[in-house]
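Colleague: What follows is target.cif, mmCIF, C-alpha atoms (C1' of nucleotides).
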```cif
data_protein
#
loop_
_atom_site.label_atom_id
_atom_site.label_comp_id
_atom_site.auth_asym_id
_atom_site.auth_seq_id
_atom_site.Cartn_x
_atom_site.Cartn_y
_atom_site.Cartn_z
CA MET A 1 15.73 -29.27 -5.10
CA GLU A 2 19.16 -27.69 -4.91
CA ASN A 3 18.90 -27.36 -8.61
CA ARG A 4 16.23 -24.77 -8.24
CA VAL A 5 18.52 -22.34 -6.46
CA GLU A 6 21.23 -23.03 -9.02
CA ARG A 7 18.87 -22.19 -11.81
CA ILE A 8 17.86 -18.95 -10.23
CA LYS A 9 21.50 -18.10 -9.62
CA LYS A 10 22.24 -18.66 -13.24
CA GLN A 11 19.31 -16.51 -14.24
CA LEU A 12 20.63 -13.67 -12.14
CA HIS A 13 24.09 -14.03 -13.60
CA GLU A 14 22.78 -14.07 -17.13
CA GLN A 15 21.26 -10.68 -16.56
CA SER A 16 24.52 -9.64 -14.91
CA TYR A 17 23.16 -9.37 -11.44
CA LYS A 18 25.22 -10.65 -8.57
CA LEU A 19 24.00 -13.28 -6.22
CA THR A 20 24.85 -11.60 -2.97
CA PRO A 21 24.45 -13.46 0.32
CA GLN A 22 21.34 -11.37 1.00
CA ARG A 23 19.80 -12.28 -2.31
CA GLU A 24 20.69 -15.90 -1.84
CA ALA A 25 19.13 -15.97 1.61
CA THR A 26 15.98 -14.39 0.25
CA VAL A 27 15.68 -16.92 -2.53
CA GLN A 28 16.24 -19.69 0.02
CA VAL A 29 13.39 -18.42 2.15
CA LEU A 30 11.09 -18.26 -0.83
CA LEU A 31 11.92 -21.83 -1.77
CA GLU A 32 11.43 -23.08 1.76
CA ASN A 33 8.04 -21.42 1.99
CA GLU A 34 6.81 -22.10 -1.46
CA GLU A 35 3.34 -23.01 -0.27
CA ASP A 36 2.75 -19.82 1.63
CA HIS A 37 1.96 -16.44 0.24
CA LEU A 38 4.43 -14.32 2.08
CA SER A 39 4.33 -10.57 2.37
CA ALA A 40 7.55 -8.57 2.11
CA GLU A 41 7.51 -8.25 5.87
CA ASP A 42 7.11 -12.02 6.29
CA VAL A 43 10.03 -12.63 4.00
CA TYR A 44 12.06 -10.07 5.86
CA LEU A 45 11.49 -11.74 9.21
CA LEU A 46 12.35 -15.16 7.84
CA VAL A 47 15.46 -13.95 6.05
CA LYS A 48 16.57 -12.24 9.22
CA GLU A 49 16.97 -15.66 10.83
CA LYS A 50 19.56 -16.60 8.23
CA ALA A 51 21.11 -13.19 7.77
CA PRO A 52 20.30 -11.02 10.77
CA GLU A 53 21.97 -7.94 9.40
CA ILE A 54 19.73 -7.64 6.35
CA GLY A 55 17.56 -4.56 5.96
CA LEU A 56 13.92 -4.44 4.97
CA ALA A 57 14.69 -2.26 1.97
CA THR A 58 17.02 -4.89 0.60
CA VAL A 59 14.32 -7.50 0.83
CA TYR A 60 11.99 -5.21 -1.07
CA ARG A 61 14.63 -4.60 -3.72
CA THR A 62 15.36 -8.28 -4.06
CA LEU A 63 11.71 -9.20 -4.37
CA GLU A 64 11.26 -6.47 -6.93
CA LEU A 65 14.21 -7.85 -8.87
CA LEU A 66 12.94 -11.40 -8.73
CA ASN A 67 9.59 -10.18 -9.90
CA GLU A 68 11.18 -8.53 -12.92
CA LEU A 69 13.07 -11.71 -13.69
CA GLU A 70 9.75 -13.52 -13.47
CA VAL A 71 11.00 -15.77 -10.72
CA VAL A 72 8.22 -14.65 -8.41
CA ASP A 73 4.77 -13.22 -8.90
CA LYS A 74 3.77 -10.16 -6.96
CA ILE A 75 0.16 -10.56 -6.03
CA ASN A 76 -2.33 -8.56 -4.15
CA PHE A 77 -5.46 -9.85 -2.50
CA GLY A 78 -6.72 -6.44 -1.55
CA ASP A 79 -5.62 -6.58 2.07
CA GLY A 80 -3.13 -3.78 1.68
CA VAL A 81 0.04 -5.83 1.32
CA SER A 82 1.72 -7.36 -1.69
CA ARG A 83 2.53 -11.01 -1.52
CA TYR A 84 5.29 -12.80 -3.35
CA ASP A 85 4.85 -16.17 -4.84
CA LEU A 86 7.47 -18.33 -6.48
CA ARG A 87 6.61 -19.26 -10.04
CA LYS A 88 6.44 -22.85 -11.02
CA GLU A 89 9.30 -23.44 -13.41
CA GLY A 90 8.31 -23.03 -16.99
CA ALA A 91 4.87 -21.70 -16.13
CA SER A 92 4.19 -18.96 -18.62
CA HIS A 93 1.67 -17.29 -16.42
CA SER A 94 0.61 -17.40 -12.89
CA HIS A 95 -1.65 -19.86 -11.20
CA HIS A 96 -4.96 -19.12 -9.55
CA HIS A 97 -5.97 -18.57 -5.97
CA LEU A 98 -8.75 -19.58 -3.65
CA VAL A 99 -9.10 -17.10 -0.83
CA CYS A 100 -11.22 -18.28 2.06
CA ILE A 101 -13.41 -15.53 3.49
CA GLU A 102 -13.77 -17.43 6.77
CA CYS A 103 -10.25 -18.34 7.75
CA GLY A 104 -8.20 -16.30 5.30
CA THR A 105 -6.19 -19.20 3.93
CA VAL A 106 -5.04 -18.95 0.37
CA ASP A 107 -4.97 -22.15 -1.65
CA GLU A 108 -3.63 -22.54 -5.13
CA ILE A 109 -4.84 -24.02 -8.36
CA GLN A 110 -2.14 -25.05 -10.78
CA GLU A 111 -4.44 -26.15 -13.59
CA ASP A 112 -4.82 -23.69 -16.38
CA LEU A 113 -8.64 -23.49 -16.54
CA LEU A 114 -8.58 -20.29 -18.57
CA ALA A 115 -7.43 -21.44 -21.99
CA GLU A 116 -10.96 -21.25 -23.37
CA VAL A 117 -11.78 -17.98 -21.72
CA GLU A 118 -8.56 -16.47 -22.97
CA LYS A 119 -9.43 -17.38 -26.53
CA ILE A 120 -12.77 -15.65 -26.19
CA VAL A 121 -11.16 -12.54 -24.80
CA GLU A 122 -8.55 -12.42 -27.55
CA LYS A 123 -11.14 -12.83 -30.24
CA ASP A 124 -14.12 -10.85 -28.97
CA TYR A 125 -12.25 -8.01 -27.34
CA GLN A 126 -9.14 -7.97 -29.51
CA PHE A 127 -7.06 -8.03 -26.38
CA LYS A 128 -3.63 -9.66 -26.55
CA VAL A 129 -3.41 -11.56 -23.27
CA LYS A 130 -0.01 -11.67 -21.61
CA ASP A 131 -0.97 -12.83 -18.17
CA HIS A 132 -3.98 -13.30 -15.99
CA ARG A 133 -5.03 -13.18 -12.40
CA LEU A 134 -7.91 -15.28 -11.23
CA THR A 135 -8.99 -15.29 -7.63
CA PHE A 136 -12.02 -16.91 -6.13
CA HIS A 137 -13.38 -15.69 -2.85
CA GLY A 138 -15.46 -18.17 -0.92
CA VAL A 139 -15.39 -20.86 1.70
CA CYS A 140 -12.63 -23.44 1.69
CA HIS A 141 -13.28 -27.13 2.24
CA ARG A 142 -11.90 -26.97 5.75
CA CYS A 143 -14.31 -24.28 6.85
CA GLN A 144 -17.19 -25.99 5.11
CA ALA A 145 -16.47 -29.15 7.06
CA LYS A 146 -16.29 -27.17 10.27
CA ALA A 147 -19.58 -25.40 9.58
CA LYS A 148 -21.27 -28.68 8.79
CA LYS A 149 -20.16 -30.21 12.03
CA ASN A 150 -21.47 -27.25 14.02
CA LYS A 151 -24.76 -27.39 12.25
CA GLU A 152 -25.20 -31.08 12.92
CA SER A 153 -24.68 -30.74 16.64
CA ALA A 154 -27.28 -27.97 16.75
CA GLU A 155 -29.73 -29.83 14.59
CA ALA A 156 -31.39 -32.36 16.87
CA PRO A 157 -34.25 -30.19 18.23
CA SER A 158 -37.44 -28.91 16.61
CA LEU A 159 -37.93 -30.01 13.03
CA HIS A 160 -40.70 -28.36 11.02
CA THR A 161 -40.75 -25.21 13.08
CA ASN A 162 -43.45 -23.83 10.83
CA MET B 1 -31.36 6.65 -13.80
CA GLU B 2 -32.68 8.56 -10.79
CA ASN B 3 -34.03 5.28 -9.65
CA ARG B 4 -30.57 4.01 -9.06
CA VAL B 5 -29.85 6.61 -6.41
CA GLU B 6 -33.21 5.95 -4.84
CA ARG B 7 -32.45 2.30 -4.61
CA ILE B 8 -29.12 2.90 -2.96
CA LYS B 9 -30.75 5.34 -0.54
CA LYS B 10 -33.25 2.72 0.42
CA GLN B 11 -30.51 0.18 0.88
CA LEU B 12 -28.73 2.49 3.29
CA HIS B 13 -31.91 3.14 5.22
CA GLU B 14 -32.71 -0.52 5.46
CA GLN B 15 -29.44 -1.08 7.24
CA SER B 16 -30.23 1.97 9.34
CA TYR B 17 -27.54 4.16 7.94
CA LYS B 18 -28.31 7.78 7.26
CA LEU B 19 -28.00 9.23 3.83
CA THR B 20 -26.07 12.34 4.67
CA PRO B 21 -25.40 14.97 2.01
CA GLN B 22 -21.80 13.78 1.88
CA ARG B 23 -22.82 10.21 1.26
CA GLU B 24 -25.34 11.27 -1.34
CA ALA B 25 -22.77 13.35 -3.18
CA THR B 26 -20.36 10.43 -3.17
CA VAL B 27 -22.95 8.07 -4.59
CA GLN B 28 -23.77 10.67 -7.25
CA VAL B 29 -20.15 10.86 -8.31
CA LEU B 30 -19.90 7.12 -8.55
CA LEU B 31 -22.99 6.97 -10.74
CA GLU B 32 -21.77 9.74 -12.99
CA ASN B 33 -18.44 8.02 -13.49
CA GLU B 34 -19.62 4.50 -13.72
CA GLU B 35 -17.29 3.68 -16.59
CA ASP B 36 -14.14 4.76 -14.87
CA HIS B 37 -12.25 2.99 -12.18
CA LEU B 38 -11.82 5.76 -9.68
CA SER B 39 -9.41 5.76 -6.79
CA ALA B 40 -10.48 7.17 -3.44
CA GLU B 41 -8.54 10.30 -4.25
CA ASP B 42 -10.30 10.63 -7.61
CA VAL B 43 -13.66 10.32 -5.94
CA TYR B 44 -12.64 12.84 -3.33
CA LEU B 45 -11.71 15.44 -5.91
CA LEU B 46 -14.93 14.94 -7.83
CA VAL B 47 -17.09 15.02 -4.73
CA LYS B 48 -15.37 18.21 -3.65
CA GLU B 49 -16.92 19.95 -6.64
CA LYS B 50 -20.38 19.20 -5.31
CA ALA B 51 -19.61 19.43 -1.63
CA PRO B 52 -16.40 21.41 -1.14
CA GLU B 53 -16.34 20.97 2.62
CA ILE B 54 -16.07 17.20 2.53
CA GLY B 55 -12.98 15.54 3.93
CA LEU B 56 -10.94 12.75 2.38
CA ALA B 57 -11.51 10.53 5.39
CA THR B 58 -15.26 10.77 4.91
CA VAL B 59 -14.92 9.64 1.33
CA TYR B 60 -12.89 6.69 2.50
CA ARG B 61 -15.48 5.84 5.11
CA THR B 62 -18.31 6.14 2.64
CA LEU B 63 -16.59 3.98 0.05
CA GLU B 64 -15.87 1.42 2.73
CA LEU B 65 -19.52 1.44 3.70
CA LEU B 66 -20.73 1.09 0.14
CA ASN B 67 -18.32 -1.77 -0.30
CA GLU B 68 -19.79 -3.55 2.70
CA LEU B 69 -23.28 -3.00 1.35
CA GLU B 70 -22.05 -4.50 -1.91
CA VAL B 71 -22.94 -1.38 -3.84
CA VAL B 72 -19.37 -1.00 -5.03
CA ASP B 73 -16.47 -3.35 -5.53
CA LYS B 74 -13.13 -2.42 -4.13
CA ILE B 75 -10.52 -3.58 -6.58
CA ASN B 76 -6.81 -3.44 -6.74
CA PHE B 77 -4.74 -3.74 -9.86
CA GLY B 78 -1.47 -3.81 -8.01
CA ASP B 79 -0.58 -0.18 -8.59
CA GLY B 80 -0.79 0.74 -4.95
CA VAL B 81 -4.24 2.30 -4.89
CA SER B 82 -7.66 0.78 -4.42
CA ARG B 83 -10.25 1.53 -7.01
CA TYR B 84 -13.98 1.58 -6.51
CA ASP B 85 -16.36 0.25 -9.05
CA LEU B 86 -20.14 0.42 -8.96
CA ARG B 87 -21.77 -2.98 -9.17
CA LYS B 88 -24.23 -3.68 -11.89
CA GLU B 89 -27.58 -4.09 -10.26
CA GLY B 90 -28.40 -7.64 -9.48
CA ALA B 91 -24.97 -8.85 -10.47
CA SER B 92 -24.12 -11.48 -7.93
CA HIS B 93 -20.45 -11.09 -8.52
CA SER B 94 -18.15 -8.67 -10.11
CA HIS B 95 -17.24 -8.35 -13.74
CA HIS B 96 -13.81 -8.86 -15.22
CA HIS B 97 -11.09 -6.47 -16.23
CA LEU B 98 -8.66 -6.02 -19.06
CA VAL B 99 -5.66 -4.01 -17.94
CA CYS B 100 -3.48 -2.74 -20.75
CA ILE B 101 0.22 -2.93 -19.93
CA GLU B 102 1.01 -0.29 -22.55
CA CYS B 103 -1.38 2.53 -21.81
CA GLY B 104 -2.83 1.52 -18.48
CA THR B 105 -6.47 1.66 -19.52
CA VAL B 106 -8.85 -0.67 -17.79
CA ASP B 107 -11.68 -2.10 -19.86
CA GLU B 108 -14.49 -4.23 -18.58
CA ILE B 109 -16.06 -7.49 -19.53
CA GLN B 110 -19.62 -7.95 -18.40
CA GLU B 111 -20.06 -11.49 -19.71
CA ASP B 112 -19.79 -14.19 -17.12
CA LEU B 113 -17.20 -16.44 -18.79
CA LEU B 114 -16.46 -18.28 -15.58
CA ALA B 115 -19.55 -20.41 -15.05
CA GLU B 116 -17.75 -23.53 -16.25
CA VAL B 117 -14.57 -22.82 -14.37
CA GLU B 118 -16.53 -22.17 -11.21
CA LYS B 119 -18.19 -25.53 -11.46
CA ILE B 120 -14.81 -27.21 -11.73
CA VAL B 121 -13.50 -25.34 -8.73
CA GLU B 122 -16.53 -26.18 -6.61
CA LYS B 123 -16.35 -29.82 -7.50
CA ASP B 124 -12.62 -30.54 -7.67
CA TYR B 125 -11.52 -28.32 -4.83
CA GLN B 126 -14.63 -28.39 -2.69
CA PHE B 127 -14.52 -24.64 -2.56
CA LYS B 128 -17.81 -22.78 -2.19
CA VAL B 129 -17.40 -19.84 -4.54
CA LYS B 130 -18.92 -16.56 -3.41
CA ASP B 131 -17.21 -14.17 -5.75
CA HIS B 132 -14.38 -14.02 -8.22
CA ARG B 133 -11.84 -11.63 -9.60
CA LEU B 134 -10.51 -12.13 -13.05
CA THR B 135 -8.05 -9.71 -14.56
CA PHE B 136 -6.17 -10.07 -17.80
CA HIS B 137 -2.99 -8.18 -18.33
CA GLY B 138 -2.01 -7.57 -21.91
CA VAL B 139 -2.29 -5.19 -24.82
CA CYS B 140 -5.59 -3.53 -25.61
CA HIS B 141 -6.94 -3.22 -29.13
CA ARG B 142 -6.06 0.47 -29.28
CA CYS B 143 -2.39 -0.12 -28.50
CA GLN B 144 -2.27 -3.07 -30.88
CA ALA B 145 -3.54 -0.86 -33.66
CA LYS B 146 -0.99 1.78 -32.79
CA ALA B 147 1.89 -0.73 -32.73
CA LYS B 148 0.83 -2.14 -36.05
CA LYS B 149 0.85 1.28 -37.64
CA ASN B 150 4.35 2.02 -36.34
CA LYS B 151 5.65 -1.27 -37.54
CA GLU B 152 4.30 -0.75 -41.04
CA SER B 153 5.99 2.61 -41.49
CA ALA B 154 9.33 1.15 -40.35
CA GLU B 155 9.03 -1.92 -42.50
CA ALA B 156 10.15 -0.84 -45.96
CA PRO B 157 13.97 -1.22 -45.64
CA SER B 158 16.27 -4.26 -45.48
CA LEU B 159 14.53 -7.59 -45.63
CA HIS B 160 16.51 -10.75 -44.91
CA THR B 161 19.20 -9.06 -42.81
CA ASN B 162 20.74 -12.44 -42.20
"C1'" DC C 1 48.81 -4.44 -5.00
"C1'" DA C 2 46.79 0.52 -4.76
"C1'" DA C 3 43.43 3.46 -6.83
"C1'" DT C 4 39.15 3.90 -8.90
"C1'" DT C 5 34.80 2.75 -10.38
"C1'" DT C 6 30.48 0.27 -9.82
"C1'" DA C 7 27.03 -2.36 -7.51
"C1'" DT C 8 24.96 -3.30 -3.33
"C1'" DT C 9 23.64 -2.74 1.30
"C1'" DT C 10 22.30 -0.49 5.64
"C1'" DA C 11 20.00 2.76 8.25
"C1'" DT C 12 17.16 6.34 8.16
"C1'" DA C 13 14.15 9.62 6.30
"C1'" DA C 14 10.44 10.45 3.20
"C1'" DT C 15 6.27 9.41 0.80
"C1'" DG C 16 1.65 8.17 -0.11
"C1'" DA C 17 -2.49 5.71 0.86
"C1'" DT C 18 -5.44 4.80 4.36
"C1'" DT C 19 -7.13 4.85 9.26
"C1'" DT C 20 -7.73 6.64 13.66
"C1'" DT C 21 -8.67 10.22 16.96
"C1'" DA C 22 -10.65 14.12 19.15
"C1'" DA C 23 -13.63 17.71 18.94
"C1'" DA C 24 -17.50 19.83 16.81
"C1'" DC C 25 -22.03 19.18 14.47
"C1'" DT C 26 -26.63 17.29 13.37
"C1'" DG C 27 -31.00 15.68 14.02
"C1'" DA C 28 -34.36 12.75 16.51
"C1'" DG C 29 -36.69 12.08 20.41
"C1'" DA C 30 -37.70 12.84 25.83
"C1'" DT D 1 -33.99 22.61 25.56
"C1'" DC D 2 -31.01 18.57 26.77
"C1'" DT D 3 -29.27 14.41 25.55
"C1'" DC D 4 -27.72 10.68 22.78
"C1'" DA D 5 -26.04 8.34 18.85
"C1'" DG D 6 -24.31 8.81 14.50
"C1'" DT D 7 -21.52 11.58 11.49
"C1'" DT D 8 -18.17 14.82 9.91
"C1'" DT D 9 -13.93 17.55 9.84
"C1'" DA D 10 -9.20 18.33 10.41
"C1'" DA D 11 -5.22 16.76 12.04
"C1'" DA D 12 -2.32 13.28 13.59
"C1'" DA D 13 -1.05 8.51 13.33
"C1'" DT D 14 -0.06 4.25 10.97
"C1'" DC D 15 1.45 1.10 7.69
"C1'" DA D 16 3.56 -0.44 3.48
"C1'" DT D 17 6.75 0.93 0.40
"C1'" DT D 18 10.41 3.82 -1.76
"C1'" DA D 19 14.14 7.10 -1.93
"C1'" DT D 20 18.50 8.86 -0.12
"C1'" DA D 21 23.06 9.15 1.66
"C1'" DA D 22 26.83 7.11 3.62
"C1'" DA D 23 29.33 2.78 4.16
"C1'" DT D 24 30.91 -1.62 2.16
"C1'" DA D 25 32.24 -4.91 -1.04
"C1'" DA D 26 33.46 -6.54 -5.43
"C1'" DA D 27 35.33 -5.87 -9.98
"C1'" DT D 28 38.50 -3.26 -12.89
"C1'" DT D 29 42.38 -0.74 -14.14
"C1'" DG D 30 46.93 0.41 -14.16
#
```
Please rewrite the model in this file as structure tokens.
Modeller:
Amino acid sequence: MENRVERIKKQLHEQSYKLTPQREATVQVLLENEEDHLSAEDVYLLVKEKAPEIGLATVYRTLELLNELEVVDKINFGDGVSRYDLRKEGASHSHHHLVCIECGTVDEIQEDLLAEVEKIVEKDYQFKVKDHRLTFHGVCHRCQAKAKKNKESAEAPSLHTN
Amino acid sequence: MENRVERIKKQLHEQSYKLTPQREATVQVLLENEEDHLSAEDVYLLVKEKAPEIGLATVYRTLELLNELEVVDKINFGDGVSRYDLRKEGASHSHHHLVCIECGTVDEIQEDLLAEVEKIVEKDYQFKVKDHRLTFHGVCHRCQAKAKKNKESAEAPSLHTN
DNA sequence: CAATTTATTTATAATGATTTTAAACTGAGA
DNA sequence: TCTCAGTTTAAAATCATTATAAATAAATTG
């Protein structure tokens, strides 16, 4: 676990960036909230708990930097804010997302799934793929379960209402 | 062609929205620029040619409305602006995009490509898919051709520089 | 160590996209 | 004509993000 931070530190140093306390705190927050898809503001609020004097602009700069170093992915689900998502180590491109239109949760898919599709695109469209973004919008398993339960309790009366 | 406008008109009426001149002009612009991926501002400027008195806010409202009616897709390539893209008629979900990281062009793929992947997602993740967004980032065929040409002309001198 | 340069941060202002608000306008009935 | 709801305009407000200037800290030089 600790290793992860170390690795990122090293990566910063290699590109001759300093690991300032602010940057370190930001990386910490990202690691601790790896599952979530935090907005810059979210990160800012969380970092503030560790380093209350940090400014929002610094968080933005740090996230931007980490994005350039390919430590995080900057993603956008069309709700007006960018979200920042730690990359799995060694992953050459980003994972996929399941956005629930009922409850808003964002789940992740780590599997590749697109290898075939990518081949088709490269061949048929002569497009050299560097990265991809795949997002499904739909209903997550939690909301499906909820809906099913509601339906059942309302289902007793009046069959064949025709 | 004309039919298309008619159909959209009808769709508005069905939901008891009025087809005001402003809305009509906006739809016109979208139809005339179907290939492009216009931002709200782009649409605004084009609509202004037909209906100079229109306001930017109205364009936003209209695009929002058309998005709700599923006439257009609101997409976001992470460059800070939303783009609006007319849906192919009858297409249950949106097409895919190829964003070139060299020149910025956005090409489209109409093929489905994701039928298989969707099945996997529905089964393995119990996620009821309603729509998807697939975007590839990479180098388009035009820029590849350009790069190749440049490379060739710089290739004559000094082989095995080791 | 003192002086200087360089990178980084903070706080604040500025920007740019989008949304809201308030007032005026439009058109369909009563 | 009056009213009512929906719509538009223009302007102001908001929200995310970026730029700027002054302050700070760290690294470098002598």
Colleague: Write down, as a ChimeraX atom specification, each residue of chain C that has any atom within 12 Å of an atom of chain A, counting only C-alpha atoms (C1' of nucleotides).
Modeller: /C:7-12,17-18
Colleague: On this structure, the PyMOL selection byres ((chain A) within 7 of (chain B)) would catch which residues? List them as a ChimeraX atom specification, sorted by chain and number.
Modeller: /A:76,78,113,117,126-141
Colleague: How many Å lie between CA of Ala25 in chain B and CA of Lys50 in chain B, rounded to one decimal?
Modeller: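 Rounded to one decimal, the two atoms are 6.7 Å apart.
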Colleague: I want to know what sits within 12 Å of DA3 in chain C, based on only C-alpha atoms (C1' of nucleotides), with residues of the same chain fewer than 6 positions away left out; could you give that as JSON, numbers by chain?
Modeller: {"D": [28, 29, 30]}
Colleague: Write out as JSON, numbers by chain every residue belonging to chain D that has an atom at most 12 Å from any atom of chain B, counting all atoms listed in the file.
Modeller: {"D": [5, 6, 7, 8, 9, 10, 11, 16, 17]}
Colleague: Check which residues satisfy the PyMOL selection byres ((chain A and resi 5-12) around 9) in the file shown, then give them as a list in words.
Modeller: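 Applying the expression gives Met1, Glu2, Asn3, Arg4, His13, Glu14, Gln15, Ser16, Tyr17, Lys18, Leu19, Glu24, Val27, Gln28, Leu31, Leu66, Leu69 and Val71 of chain A.
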Colleague: Would you write out, as a PyMOL selection string, every residue that the PyMOL selection byres ((chain A and resi 37) around 8) captures in this file?
Modeller: chain A and resi 34-36+38-39+83-85+106
Colleague: Between CA of Val43 in chain B and C1' of DT20 in chain C, what is the spacing in Å?
Modeller: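 Distance reported for this atom pair: 20.8 Å.
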Colleague: Between CA of Ala115 in chain A and CA of Glu64 in chain A, measure the distance and give it in Å to one decimal.
Modeller: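 Taking CA of Ala115 in chain A and CA of Glu64 in chain A, their separation equals 28.3 Å.
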Colleague: Which residues are close to DA12 in chain D, i.e. within 12 Å by only C-alpha atoms (C1' of nucleotides), leaving aside same-chain residues fewer than 5 positions away? Reply as a PyMOL selection string.
Modeller: chain C and resi 19-22
Colleague: Take the selection from the previous step and output its residues with C-alpha atoms (C1' of nucleotides), as a PDB file, keeping the file's coordinate frame.
Modeller:
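File produced: selection_31.pdb:
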```
ATOM      1  C1'  DT C  19      -7.130   4.850   9.260  1.00  0.00           C
ATOM      2  C1'  DT C  20      -7.730   6.640  13.660  1.00  0.00           C
ATOM      3  C1'  DT C  21      -8.670  10.220  16.960  1.00  0.00           C
ATOM      4  C1'  DA C  22     -10.650  14.120  19.150  1.00  0.00           C
TER       5       DA C  22
END
```
